[in-house]
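A.B. asks: This one is start.pdb, PDB, C-alpha atoms and all ligand atoms.
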ATOM      1  CA  SER A   1      11.322 -19.460   4.216  1.00  0.00           C
ATOM      2  CA  ASP A   2      10.103 -17.073   1.541  1.00  0.00           C
ATOM      3  CA  HIS A   3       8.614 -19.551  -0.888  1.00  0.00           C
ATOM      4  CA  THR A   4       5.696 -20.025   1.477  1.00  0.00           C
ATOM      5  CA  LEU A   5       4.960 -16.282   1.590  1.00  0.00           C
ATOM      6  CA  GLU A   6       1.931 -14.980  -0.216  1.00  0.00           C
ATOM      7  CA  TYR A   7       1.966 -11.555  -1.728  1.00  0.00           C
ATOM      8  CA  PRO A   8      -0.156  -9.743  -4.320  1.00  0.00           C
ATOM      9  CA  ALA A   9       1.015  -9.245  -7.904  1.00  0.00           C
ATOM     10  CA  SER A  10       0.367  -5.510  -7.443  1.00  0.00           C
ATOM     11  CA  PRO A  11      -1.167  -3.214  -4.790  1.00  0.00           C
ATOM     12  CA  ASP A  12      -4.471  -3.153  -6.697  1.00  0.00           C
ATOM     13  CA  ALA A  13      -4.691  -6.929  -6.490  1.00  0.00           C
ATOM     14  CA  MET A  14      -4.362  -6.980  -2.697  1.00  0.00           C
ATOM     15  CA  ASP A  15      -7.515  -7.922  -0.808  1.00  0.00           C
ATOM     16  CA  TRP A  16      -7.442  -5.986   2.469  1.00  0.00           C
ATOM     17  CA  SER A  17     -11.034  -6.719   3.445  1.00  0.00           C
ATOM     18  CA  SER A  18     -10.255  -9.512   5.902  1.00  0.00           C
ATOM     19  CA  TYR A  19      -7.569  -7.370   7.576  1.00  0.00           C
ATOM     20  CA  TYR A  20      -9.763  -4.272   7.983  1.00  0.00           C
ATOM     21  CA  PRO A  21     -13.377  -5.505   7.872  1.00  0.00           C
ATOM     22  CA  GLY A  22     -14.522  -2.339   9.648  1.00  0.00           C
ATOM     23  CA  PHE A  23     -13.286  -0.258   6.697  1.00  0.00           C
ATOM     24  CA  VAL A  24     -14.855  -2.147   3.806  1.00  0.00           C
ATOM     25  CA  ASP A  25     -16.604   0.379   1.565  1.00  0.00           C
ATOM     26  CA  GLU A  26     -20.108  -1.029   1.431  1.00  0.00           C
ATOM     27  CA  ASP A  27     -21.284   1.604  -1.086  1.00  0.00           C
ATOM     28  CA  HIS A  28     -18.567   1.311  -3.699  1.00  0.00           C
ATOM     29  CA  GLN A  29     -17.695  -2.237  -4.633  1.00  0.00           C
ATOM     30  CA  PRO A  30     -16.232  -3.331  -7.963  1.00  0.00           C
ATOM     31  CA  GLU A  31     -18.937  -4.243 -10.494  1.00  0.00           C
ATOM     32  CA  ASP A  32     -17.257  -7.536 -11.207  1.00  0.00           C
ATOM     33  CA  ALA A  33     -16.136  -9.077  -7.934  1.00  0.00           C
ATOM     34  CA  THR A  34     -14.241 -11.779  -9.818  1.00  0.00           C
ATOM     35  CA  GLN A  35     -11.955  -9.156 -11.358  1.00  0.00           C
ATOM     36  CA  ALA A  36     -11.015  -7.001  -8.362  1.00  0.00           C
ATOM     37  CA  PRO A  37     -10.852  -7.397  -4.583  1.00  0.00           C
ATOM     38  CA  PRO A  38     -13.331  -5.614  -2.291  1.00  0.00           C
ATOM     39  CA  ARG A  39     -12.525  -1.937  -1.754  1.00  0.00           C
ATOM     40  CA  LEU A  40     -11.875  -0.155   1.507  1.00  0.00           C
ATOM     41  CA  THR A  41     -12.846   3.424   2.285  1.00  0.00           C
ATOM     42  CA  LYS A  42      -9.136   4.239   2.676  1.00  0.00           C
ATOM     43  CA  ASP A  43      -5.666   2.874   2.052  1.00  0.00           C
ATOM     44  CA  VAL A  44      -3.100   1.612   4.531  1.00  0.00           C
ATOM     45  CA  GLU A  45      -0.994   4.623   5.407  1.00  0.00           C
ATOM     46  CA  ILE A  46       1.246   3.591   8.319  1.00  0.00           C
ATOM     47  CA  VAL A  47       3.572   0.595   8.253  1.00  0.00           C
ATOM     48  CA  ASP A  48       5.561  -0.971  11.088  1.00  0.00           C
ATOM     49  CA  ILE A  49       8.384  -2.991   9.581  1.00  0.00           C
ATOM     50  CA  GLY A  50       9.334  -6.032  11.667  1.00  0.00           C
ATOM     51  CA  CYS A  51       6.512  -5.279  14.097  1.00  0.00           C
ATOM     52  CA  GLY A  52       7.342  -8.145  16.466  1.00  0.00           C
ATOM     53  CA  PHE A  53       4.599  -8.624  19.064  1.00  0.00           C
ATOM     54  CA  GLY A  54       2.669  -5.543  18.002  1.00  0.00           C
ATOM     55  CA  GLY A  55       3.185  -3.143  20.913  1.00  0.00           C
ATOM     56  CA  LEU A  56       3.577  -0.126  18.634  1.00  0.00           C
ATOM     57  CA  LEU A  57       0.452  -0.908  16.576  1.00  0.00           C
ATOM     58  CA  VAL A  58      -1.688  -1.533  19.612  1.00  0.00           C
ATOM     59  CA  ALA A  59      -0.581   1.751  21.193  1.00  0.00           C
ATOM     60  CA  LEU A  60      -0.923   3.832  18.010  1.00  0.00           C
ATOM     61  CA  ALA A  61      -4.248   2.438  16.773  1.00  0.00           C
ATOM     62  CA  PRO A  62      -6.499   4.226  19.306  1.00  0.00           C
ATOM     63  CA  LEU A  63      -4.455   7.440  18.967  1.00  0.00           C
ATOM     64  CA  MET A  64      -5.161   7.575  15.214  1.00  0.00           C
ATOM     65  CA  PRO A  65      -8.400   5.623  14.798  1.00  0.00           C
ATOM     66  CA  GLU A  66      -8.991   6.909  11.256  1.00  0.00           C
ATOM     67  CA  LYS A  67      -5.624   5.854   9.860  1.00  0.00           C
ATOM     68  CA  LEU A  68      -5.044   2.310   8.669  1.00  0.00           C
ATOM     69  CA  MET A  69      -1.836   0.830  10.051  1.00  0.00           C
ATOM     70  CA  LEU A  70      -0.142  -2.438   9.200  1.00  0.00           C
ATOM     71  CA  GLY A  71       2.570  -4.440  10.908  1.00  0.00           C
ATOM     72  CA  LEU A  72       4.813  -6.556   8.683  1.00  0.00           C
ATOM     73  CA  GLU A  73       6.387  -9.527  10.401  1.00  0.00           C
ATOM     74  CA  ILE A  74       8.310 -12.426   8.936  1.00  0.00           C
ATOM     75  CA  ARG A  75       7.780 -14.976  11.719  1.00  0.00           C
ATOM     76  CA  THR A  76       4.567 -16.955  11.256  1.00  0.00           C
ATOM     77  CA  SER A  77       3.832 -17.564  14.934  1.00  0.00           C
ATOM     78  CA  VAL A  78       4.517 -13.937  15.862  1.00  0.00           C
ATOM     79  CA  THR A  79       2.258 -12.703  13.055  1.00  0.00           C
ATOM     80  CA  LYS A  80      -0.517 -14.974  14.306  1.00  0.00           C
ATOM     81  CA  PHE A  81       0.017 -13.714  17.861  1.00  0.00           C
ATOM     82  CA  VAL A  82      -0.404 -10.088  16.745  1.00  0.00           C
ATOM     83  CA  GLN A  83      -3.475 -10.912  14.663  1.00  0.00           C
ATOM     84  CA  ASP A  84      -5.093 -12.654  17.643  1.00  0.00           C
ATOM     85  CA  ARG A  85      -4.122  -9.777  19.914  1.00  0.00           C
ATOM     86  CA  ILE A  86      -5.788  -7.263  17.603  1.00  0.00           C
ATOM     87  CA  TRP A  87      -8.935  -9.378  17.168  1.00  0.00           C
ATOM     88  CA  ALA A  88      -9.279  -9.666  20.939  1.00  0.00           C
ATOM     89  CA  LEU A  89      -8.916  -5.890  21.329  1.00  0.00           C
ATOM     90  CA  ARG A  90     -11.508  -5.329  18.595  1.00  0.00           C
ATOM     91  CA  GLU A  91     -13.963  -7.521  20.448  1.00  0.00           C
ATOM     92  CA  GLN A  92     -13.285  -5.926  23.815  1.00  0.00           C
ATOM     93  CA  ASN A  93     -13.696  -2.459  22.285  1.00  0.00           C
ATOM     94  CA  ALA A  94     -16.499  -3.212  19.849  1.00  0.00           C
ATOM     95  CA  ALA A  95     -18.776  -0.476  21.196  1.00  0.00           C
ATOM     96  CA  ALA A  96     -16.102   2.169  20.683  1.00  0.00           C
ATOM     97  CA  ARG A  97     -15.104   0.558  17.337  1.00  0.00           C
ATOM     98  CA  LEU A  98     -11.427   0.755  18.287  1.00  0.00           C
ATOM     99  CA  TYR A  99      -8.536  -1.282  16.804  1.00  0.00           C
ATOM    100  CA  GLN A 100     -10.386  -1.783  13.510  1.00  0.00           C
ATOM    101  CA  ASN A 101      -7.597   0.235  11.918  1.00  0.00           C
ATOM    102  CA  ALA A 102      -4.691  -2.044  12.901  1.00  0.00           C
ATOM    103  CA  ALA A 103      -3.630  -5.299  11.280  1.00  0.00           C
ATOM    104  CA  CYS A 104      -0.619  -7.551  10.893  1.00  0.00           C
ATOM    105  CA  LEU A 105       0.513  -9.449   7.844  1.00  0.00           C
ATOM    106  CA  ARG A 106       3.236 -12.012   7.386  1.00  0.00           C
ATOM    107  CA  ALA A 107       5.733 -10.699   4.861  1.00  0.00           C
ATOM    108  CA  ASN A 108       9.394 -10.297   4.169  1.00  0.00           C
ATOM    109  CA  SER A 109       9.605  -6.512   4.072  1.00  0.00           C
ATOM    110  CA  MET A 110      12.966  -6.738   2.317  1.00  0.00           C
ATOM    111  CA  LYS A 111      11.393  -8.246  -0.752  1.00  0.00           C
ATOM    112  CA  PHE A 112       7.773  -7.427  -1.408  1.00  0.00           C
ATOM    113  CA  LEU A 113       7.067  -3.861  -0.284  1.00  0.00           C
ATOM    114  CA  PRO A 114       6.194  -2.550  -3.784  1.00  0.00           C
ATOM    115  CA  ASN A 115       3.733  -5.420  -4.218  1.00  0.00           C
ATOM    116  CA  PHE A 116       1.684  -4.067  -1.330  1.00  0.00           C
ATOM    117  CA  PHE A 117       1.968  -0.278  -1.567  1.00  0.00           C
ATOM    118  CA  LYS A 118       1.609   2.213  -4.382  1.00  0.00           C
ATOM    119  CA  LYS A 119       3.959   5.102  -4.919  1.00  0.00           C
ATOM    120  CA  GLY A 120       3.376   7.747  -2.269  1.00  0.00           C
ATOM    121  CA  GLN A 121       0.758   5.731  -0.398  1.00  0.00           C
ATOM    122  CA  LEU A 122       2.363   5.856   3.045  1.00  0.00           C
ATOM    123  CA  SER A 123       2.698   8.733   5.498  1.00  0.00           C
ATOM    124  CA  LYS A 124       4.776   6.927   8.146  1.00  0.00           C
ATOM    125  CA  ILE A 125       7.120   3.950   8.214  1.00  0.00           C
ATOM    126  CA  PHE A 126       8.377   2.659  11.560  1.00  0.00           C
ATOM    127  CA  ILE A 127      11.576   0.650  11.900  1.00  0.00           C
ATOM    128  CA  CYS A 128      11.785  -0.175  15.607  1.00  0.00           C
ATOM    129  CA  PHE A 129      14.684  -2.117  17.077  1.00  0.00           C
ATOM    130  CA  PRO A 130      15.540  -3.955  13.866  1.00  0.00           C
ATOM    131  CA  ASP A 131      17.778  -7.004  14.177  1.00  0.00           C
ATOM    132  CA  PRO A 132      21.323  -5.578  14.318  1.00  0.00           C
ATOM    133  CA  HIS A 133      23.195  -8.198  12.248  1.00  0.00           C
ATOM    134  CA  PHE A 134      26.491  -7.199  13.805  1.00  0.00           C
ATOM    135  CA  LYS A 135      28.928  -9.031  11.550  1.00  0.00           C
ATOM    136  CA  ALA A 136      30.009  -7.231   8.382  1.00  0.00           C
ATOM    137  CA  ARG A 137      29.108 -10.167   6.152  1.00  0.00           C
ATOM    138  CA  LYS A 138      25.574  -9.997   7.610  1.00  0.00           C
ATOM    139  CA  HIS A 139      25.104  -6.289   6.898  1.00  0.00           C
ATOM    140  CA  LYS A 140      23.215  -7.095   3.714  1.00  0.00           C
ATOM    141  CA  ALA A 141      20.488  -8.538   5.958  1.00  0.00           C
ATOM    142  CA  ARG A 142      19.895  -5.135   7.570  1.00  0.00           C
ATOM    143  CA  ILE A 143      16.545  -3.601   6.745  1.00  0.00           C
ATOM    144  CA  VAL A 144      18.075  -0.198   6.179  1.00  0.00           C
ATOM    145  CA  SER A 145      20.289  -0.022   3.098  1.00  0.00           C
ATOM    146  CA  THR A 146      20.679   2.096  -0.008  1.00  0.00           C
ATOM    147  CA  THR A 147      18.429  -0.224  -2.018  1.00  0.00           C
ATOM    148  CA  LEU A 148      15.756  -0.603   0.636  1.00  0.00           C
ATOM    149  CA  ASN A 149      15.754   3.129   1.346  1.00  0.00           C
ATOM    150  CA  SER A 150      14.779   3.640  -2.290  1.00  0.00           C
ATOM    151  CA  GLU A 151      11.822   1.324  -1.713  1.00  0.00           C
ATOM    152  CA  TYR A 152      10.823   3.257   1.399  1.00  0.00           C
ATOM    153  CA  ALA A 153      11.147   6.480  -0.632  1.00  0.00           C
ATOM    154  CA  PHE A 154       8.888   5.026  -3.310  1.00  0.00           C
ATOM    155  CA  ALA A 155       6.157   4.019  -0.874  1.00  0.00           C
ATOM    156  CA  LEU A 156       6.306   7.236   1.188  1.00  0.00           C
ATOM    157  CA  ARG A 157       4.610  10.434   0.096  1.00  0.00           C
ATOM    158  CA  PRO A 158       6.615  13.681   0.154  1.00  0.00           C
ATOM    159  CA  GLY A 159       6.495  14.961   3.733  1.00  0.00           C
ATOM    160  CA  GLY A 160       6.118  11.390   5.031  1.00  0.00           C
ATOM    161  CA  VAL A 161       8.472  10.219   7.762  1.00  0.00           C
ATOM    162  CA  VAL A 162      10.596   7.144   8.468  1.00  0.00           C
ATOM    163  CA  TYR A 163      10.928   6.597  12.228  1.00  0.00           C
ATOM    164  CA  THR A 164      13.916   4.594  13.468  1.00  0.00           C
ATOM    165  CA  ILE A 165      14.905   3.504  16.947  1.00  0.00           C
ATOM    166  CA  THR A 166      17.560   1.079  18.186  1.00  0.00           C
ATOM    167  CA  ASP A 167      19.600   0.367  21.281  1.00  0.00           C
ATOM    168  CA  VAL A 168      22.639  -0.506  19.170  1.00  0.00           C
ATOM    169  CA  GLU A 169      24.657   2.647  18.580  1.00  0.00           C
ATOM    170  CA  ALA A 170      26.560   1.253  15.588  1.00  0.00           C
ATOM    171  CA  LEU A 171      23.264   0.342  13.914  1.00  0.00           C
ATOM    172  CA  HIS A 172      21.888   3.810  14.663  1.00  0.00           C
ATOM    173  CA  GLN A 173      24.920   5.312  12.930  1.00  0.00           C
ATOM    174  CA  TRP A 174      24.457   2.924  10.020  1.00  0.00           C
ATOM    175  CA  MET A 175      20.817   3.949   9.589  1.00  0.00           C
ATOM    176  CA  VAL A 176      21.644   7.671   9.867  1.00  0.00           C
ATOM    177  CA  HIS A 177      24.450   7.281   7.348  1.00  0.00           C
ATOM    178  CA  HIS A 178      22.260   5.466   4.816  1.00  0.00           C
ATOM    179  CA  PHE A 179      19.323   7.869   5.079  1.00  0.00           C
ATOM    180  CA  ASP A 180      21.578  10.953   5.069  1.00  0.00           C
ATOM    181  CA  ALA A 181      23.263   9.668   1.931  1.00  0.00           C
ATOM    182  CA  HIS A 182      19.928   9.122   0.182  1.00  0.00           C
ATOM    183  CA  PRO A 183      18.725  12.053  -1.966  1.00  0.00           C
ATOM    184  CA  SER A 184      15.047  11.463  -1.094  1.00  0.00           C
ATOM    185  CA  PHE A 185      15.433  11.984   2.660  1.00  0.00           C
ATOM    186  CA  GLU A 186      16.410  14.661   5.155  1.00  0.00           C
ATOM    187  CA  ARG A 187      16.868  14.216   8.900  1.00  0.00           C
ATOM    188  CA  VAL A 188      14.043  15.640  11.012  1.00  0.00           C
ATOM    189  CA  PRO A 189      15.441  18.158  13.536  1.00  0.00           C
ATOM    190  CA  GLU A 190      15.580  17.047  17.166  1.00  0.00           C
ATOM    191  CA  GLU A 191      13.153  19.747  18.405  1.00  0.00           C
ATOM    192  CA  GLU A 192      10.499  18.350  16.078  1.00  0.00           C
ATOM    193  CA  GLU A 193      11.383  14.804  17.046  1.00  0.00           C
ATOM    194  CA  ARG A 194      10.783  15.563  20.726  1.00  0.00           C
ATOM    195  CA  GLU A 195       7.317  16.954  20.022  1.00  0.00           C
ATOM    196  CA  ASP A 196       6.188  13.982  17.956  1.00  0.00           C
ATOM    197  CA  GLU A 197       3.838  11.734  19.913  1.00  0.00           C
ATOM    198  CA  CYS A 198       4.848   8.749  17.781  1.00  0.00           C
ATOM    199  CA  VAL A 199       8.387   9.049  19.143  1.00  0.00           C
ATOM    200  CA  ARG A 200       7.132   8.674  22.683  1.00  0.00           C
ATOM    201  CA  VAL A 201       5.083   5.614  21.677  1.00  0.00           C
ATOM    202  CA  MET A 202       8.035   4.093  19.846  1.00  0.00           C
ATOM    203  CA  MET A 203      10.288   4.558  22.884  1.00  0.00           C
ATOM    204  CA  SER A 204       7.892   3.297  25.529  1.00  0.00           C
ATOM    205  CA  GLU A 205       5.320   0.972  23.936  1.00  0.00           C
ATOM    206  CA  THR A 206       7.346  -1.380  21.738  1.00  0.00           C
ATOM    207  CA  GLU A 207       8.277  -4.675  23.412  1.00  0.00           C
ATOM    208  CA  GLU A 208      11.953  -4.056  22.656  1.00  0.00           C
ATOM    209  CA  GLY A 209      11.729  -0.502  23.994  1.00  0.00           C
ATOM    210  CA  LYS A 210      10.383  -1.871  27.274  1.00  0.00           C
ATOM    211  CA  LYS A 211      13.144  -4.451  27.465  1.00  0.00           C
ATOM    212  CA  VAL A 212      15.818  -1.795  26.937  1.00  0.00           C
ATOM    213  CA  GLU A 213      14.120   0.308  29.614  1.00  0.00           C
ATOM    214  CA  ARG A 214      14.272  -2.547  32.122  1.00  0.00           C
ATOM    215  CA  ASN A 215      17.949  -3.102  31.341  1.00  0.00           C
ATOM    216  CA  LYS A 216      18.586   0.648  31.635  1.00  0.00           C
ATOM    217  CA  GLY A 217      19.994   0.673  28.115  1.00  0.00           C
ATOM    218  CA  GLN A 218      20.215   3.635  25.750  1.00  0.00           C
ATOM    219  CA  LYS A 219      17.796   4.282  22.909  1.00  0.00           C
ATOM    220  CA  PHE A 220      18.855   6.033  19.734  1.00  0.00           C
ATOM    221  CA  VAL A 221      16.110   7.707  17.721  1.00  0.00           C
ATOM    222  CA  ALA A 222      16.310   9.210  14.239  1.00  0.00           C
ATOM    223  CA  LEU A 223      13.536  10.459  11.933  1.00  0.00           C
ATOM    224  CA  PHE A 224      13.856  11.120   8.223  1.00  0.00           C
ATOM    225  CA  ARG A 225      11.459  13.111   6.067  1.00  0.00           C
ATOM    226  CA  ARG A 226      10.673  12.143   2.499  1.00  0.00           C
ATOM    227  CA  LEU A 227      11.560  15.098   0.255  1.00  0.00           C
ATOM    228  CA  GLU A 228       9.726  16.157  -2.901  1.00  0.00           C
ATOM    229  CA  ASP A 229      11.207  14.627  -6.016  1.00  0.00           C
ATOM    230  CA  PRO A 230      13.233  17.209  -7.973  1.00  0.00           C
ATOM    231  CA  PRO A 231      11.643  18.379 -11.276  1.00  0.00           C
ATOM    232  CA  TRP A 232      13.060  16.510 -14.275  1.00  0.00           C
TER     233      TRP A 232
HETATM  234  N1  LIG B   1       9.679  -3.806  16.312  1.00  0.00           N
HETATM  235  C1  LIG B   1       9.476  -4.723  17.419  1.00  0.00           C
HETATM  236  C2  LIG B   1       9.816  -4.038  18.736  1.00  0.00           C
HETATM  237  O1  LIG B   1      10.399  -2.965  18.681  1.00  0.00           O
HETATM  238  O2  LIG B   1       9.474  -4.567  19.792  1.00  0.00           O
HETATM  239  C3  LIG B   1      10.270  -6.016  17.224  1.00  0.00           C
HETATM  240  C4  LIG B   1      11.760  -5.881  17.133  1.00  0.00           C
HETATM  241  S1  LIG B   1      12.578  -7.465  16.866  1.00  0.00           S
HETATM  242  C5  LIG B   1      14.181  -7.201  17.478  1.00  0.00           C
HETATM  243  C6  LIG B   1      12.790  -7.490  15.088  1.00  0.00           C
HETATM  244  C7  LIG B   1      11.607  -8.114  14.378  1.00  0.00           C
HETATM  245  O3  LIG B   1      11.748  -7.980  12.959  1.00  0.00           O
HETATM  246  C8  LIG B   1      11.461  -9.598  14.650  1.00  0.00           C
HETATM  247  O4  LIG B   1      10.149  -9.856  15.102  1.00  0.00           O
HETATM  248  C9  LIG B   1      11.737 -10.249  13.299  1.00  0.00           C
HETATM  249  O5  LIG B   1      11.038 -11.468  13.107  1.00  0.00           O
HETATM  250  C10 LIG B   1      11.308  -9.168  12.337  1.00  0.00           C
HETATM  251  N2  LIG B   1      11.940  -9.211  10.997  1.00  0.00           N
HETATM  252  C11 LIG B   1      13.245  -9.405  10.730  1.00  0.00           C
HETATM  253  N3  LIG B   1      13.473  -9.368   9.401  1.00  0.00           N
HETATM  254  C12 LIG B   1      12.276  -9.121   8.803  1.00  0.00           C
HETATM  255  C13 LIG B   1      11.858  -8.983   7.454  1.00  0.00           C
HETATM  256  N4  LIG B   1      12.713  -9.068   6.444  1.00  0.00           N
HETATM  257  N5  LIG B   1      10.550  -8.741   7.197  1.00  0.00           N
HETATM  258  C14 LIG B   1       9.663  -8.654   8.216  1.00  0.00           C
HETATM  259  N6  LIG B   1      10.003  -8.781   9.506  1.00  0.00           N
HETATM  260  C15 LIG B   1      11.291  -9.017   9.816  1.00  0.00           C
END
Written as structure tokens, that's how I'd like the structure from this file.
Ligand code: SAM

C.D. replies:
Amino acid sequence: SDHTLEYPASPDAMDWSSYYPGFVDEDHQPEDATQAPPRLTKDVEIVDIGCGFGGLLVALAPLMPEKLMLGLEIRTSVTKFVQDRIWALREQNAAARLYQNAACLRANSMKFLPNFFKKGQLSKIFICFPDPHFKARKHKARIVSTTLNSEYAFALRPGGVVYTITDVEALHQWMVHHFDAHPSFERVPEEEEREDECVRVMMSETEEGKKVERNKGQKFVALFRRLEDPPW
């Protein structure tokens, strides 16, 4: 459970160097290494919430080799699996320096997001095939809700996008309802959705997406753009 989870007191306190060793900024390190963690040349910008076995990360990483992406996963063994998978890919692709930009961390994304990411740090958040929690009394366990959407809005920069996909139509409607109702988001039009390469990856490269494909199930996609905050 959560009491074994480790998370930083604030985003500045987070040491990312072991997750992205290829992006450690060798030229600009803190003067006092006891006071601050090693710096990277860039910040994590793409997050996959509940990344499962890492299919999305592994497909996206070589498409955007200069963007740091992070999978958050609550299950210890699954997190370890994804970390091992990425390390193996890094080794196999060492000459091309691929997969240095992907990593997976064990976290409960419902609780500690603001500990990891500063306001406006992220450009994309993926929520792929989240657990449906069908029963009404379990709805509070859903990772899309009014409260959590405010956390996603905090971490996303204006213009940033939340990507959602599910095979459960009622959950799709729930996610659309909660993002539509949130003042910080607007739905991305379908024409734009179709042209977005990340949508294709989300539909075909996630483990759940493949399973739904095999079972000839339906996939419901919805994207939401982070709006500018209104002037005070
Ligand atoms: N996104 C992957 C895919 O599309 O193949 C996995 C989908 S799987 C149905 C949902 C995943 O979310 C599981 O691996 C589960 O352990 C993880 N998860 C559920 N609640 C979570 C939470 N609060 N924080 C992080 N991960 C969570």

A.B. asks: What do you get, as a JSON list (two decimals) with C-alpha atoms, in the coordinates of the input, if you spell out every residue that the PyMOL selection byres (((not hetatm)) within 9 of (chain B and resi 1)) selects here?

C.D. replies:
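What follows is the written file expr-v7.json:
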[["chain", "number", "residue", "atom", "x", "y", "z"],
["A", 48, "ASP", "CA", 5.56, -0.97, 11.09],
["A", 49, "ILE", "CA", 8.38, -2.99, 9.58],
["A", 50, "GLY", "CA", 9.33, -6.03, 11.67],
["A", 51, "CYS", "CA", 6.51, -5.28, 14.10],
["A", 52, "GLY", "CA", 7.34, -8.14, 16.47],
["A", 53, "PHE", "CA", 4.60, -8.62, 19.06],
["A", 54, "GLY", "CA", 2.67, -5.54, 18.00],
["A", 55, "GLY", "CA", 3.18, -3.14, 20.91],
["A", 56, "LEU", "CA", 3.58, -0.13, 18.63],
["A", 71, "GLY", "CA", 2.57, -4.44, 10.91],
["A", 72, "LEU", "CA", 4.81, -6.56, 8.68],
["A", 73, "GLU", "CA", 6.39, -9.53, 10.40],
["A", 74, "ILE", "CA", 8.31, -12.43, 8.94],
["A", 75, "ARG", "CA", 7.78, -14.98, 11.72],
["A", 76, "THR", "CA", 4.57, -16.95, 11.26],
["A", 78, "VAL", "CA", 4.52, -13.94, 15.86],
["A", 79, "THR", "CA", 2.26, -12.70, 13.06],
["A", 106, "ARG", "CA", 3.24, -12.01, 7.39],
["A", 107, "ALA", "CA", 5.73, -10.70, 4.86],
["A", 108, "ASN", "CA", 9.39, -10.30, 4.17],
["A", 109, "SER", "CA", 9.60, -6.51, 4.07],
["A", 110, "MET", "CA", 12.97, -6.74, 2.32],
["A", 111, "LYS", "CA", 11.39, -8.25, -0.75],
["A", 126, "PHE", "CA", 8.38, 2.66, 11.56],
["A", 127, "ILE", "CA", 11.58, 0.65, 11.90],
["A", 128, "CYS", "CA", 11.78, -0.18, 15.61],
["A", 129, "PHE", "CA", 14.68, -2.12, 17.08],
["A", 130, "PRO", "CA", 15.54, -3.96, 13.87],
["A", 131, "ASP", "CA", 17.78, -7.00, 14.18],
["A", 132, "PRO", "CA", 21.32, -5.58, 14.32],
["A", 141, "ALA", "CA", 20.49, -8.54, 5.96],
["A", 142, "ARG", "CA", 19.90, -5.14, 7.57],
["A", 143, "ILE", "CA", 16.55, -3.60, 6.74],
["A", 165, "ILE", "CA", 14.90, 3.50, 16.95],
["A", 166, "THR", "CA", 17.56, 1.08, 18.19],
["A", 202, "MET", "CA", 8.04, 4.09, 19.85],
["A", 203, "MET", "CA", 10.29, 4.56, 22.88],
["A", 205, "GLU", "CA", 5.32, 0.97, 23.94],
["A", 206, "THR", "CA", 7.35, -1.38, 21.74],
["A", 207, "GLU", "CA", 8.28, -4.68, 23.41],
["A", 208, "GLU", "CA", 11.95, -4.06, 22.66],
["A", 209, "GLY", "CA", 11.73, -0.50, 23.99],
["A", 210, "LYS", "CA", 10.38, -1.87, 27.27],
["A", 211, "LYS", "CA", 13.14, -4.45, 27.46]]

A.B. asks: Could you spell out the hits of the PyMOL selection byres (((chain A and resi 24-28) around 9) and not hetatm) on the shown file, as a PDB file with C-alpha atoms, keeping the file's coordinate frame?

C.D. replies:
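Output contents, as saved in expr-v7.pdb:
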ATOM      1  CA  TRP A  16      -7.442  -5.986   2.469  1.00  0.00           C
ATOM      2  CA  SER A  17     -11.034  -6.719   3.445  1.00  0.00           C
ATOM      3  CA  SER A  18     -10.255  -9.512   5.902  1.00  0.00           C
ATOM      4  CA  TYR A  20      -9.763  -4.272   7.983  1.00  0.00           C
ATOM      5  CA  PRO A  21     -13.377  -5.505   7.872  1.00  0.00           C
ATOM      6  CA  GLY A  22     -14.522  -2.339   9.648  1.00  0.00           C
ATOM      7  CA  PHE A  23     -13.286  -0.258   6.697  1.00  0.00           C
ATOM      8  CA  GLN A  29     -17.695  -2.237  -4.633  1.00  0.00           C
ATOM      9  CA  PRO A  30     -16.232  -3.331  -7.963  1.00  0.00           C
ATOM     10  CA  GLU A  31     -18.937  -4.243 -10.494  1.00  0.00           C
ATOM     11  CA  PRO A  38     -13.331  -5.614  -2.291  1.00  0.00           C
ATOM     12  CA  ARG A  39     -12.525  -1.937  -1.754  1.00  0.00           C
ATOM     13  CA  LEU A  40     -11.875  -0.155   1.507  1.00  0.00           C
ATOM     14  CA  THR A  41     -12.846   3.424   2.285  1.00  0.00           C
ATOM     15  CA  LYS A  42      -9.136   4.239   2.676  1.00  0.00           C
TER      16      LYS A  42
END

A.B. asks: Using only C-alpha atoms, which residue out of A:Val221, A:Ala181, A:Ala170, A:Leu57 lies closest to Arg194 in chain A?

C.D. replies: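 Looking at the shortest contact to Arg194 in chain A, the residue is A:Val221.
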
A.B. asks: Written as a ChimeraX atom specification, what is the full residue list that the PyMOL selection byres (((chain A and resi 158) around 6) and not hetatm) yields on the file shown?

C.D. replies: /A:157,159-160,226-228

A.B. asks: Measure the distance from CA of Phe116 in chain A to CA of Gln83 in chain A in Å and round it to one decimal.

C.D. replies: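 The value is 18.1 Å.
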
A.B. asks: Figure out the distance between CA of Val176 in chain A and CA of Met64 in chain A, please, to one decimal in Å.

C.D. replies: 27.3 Å
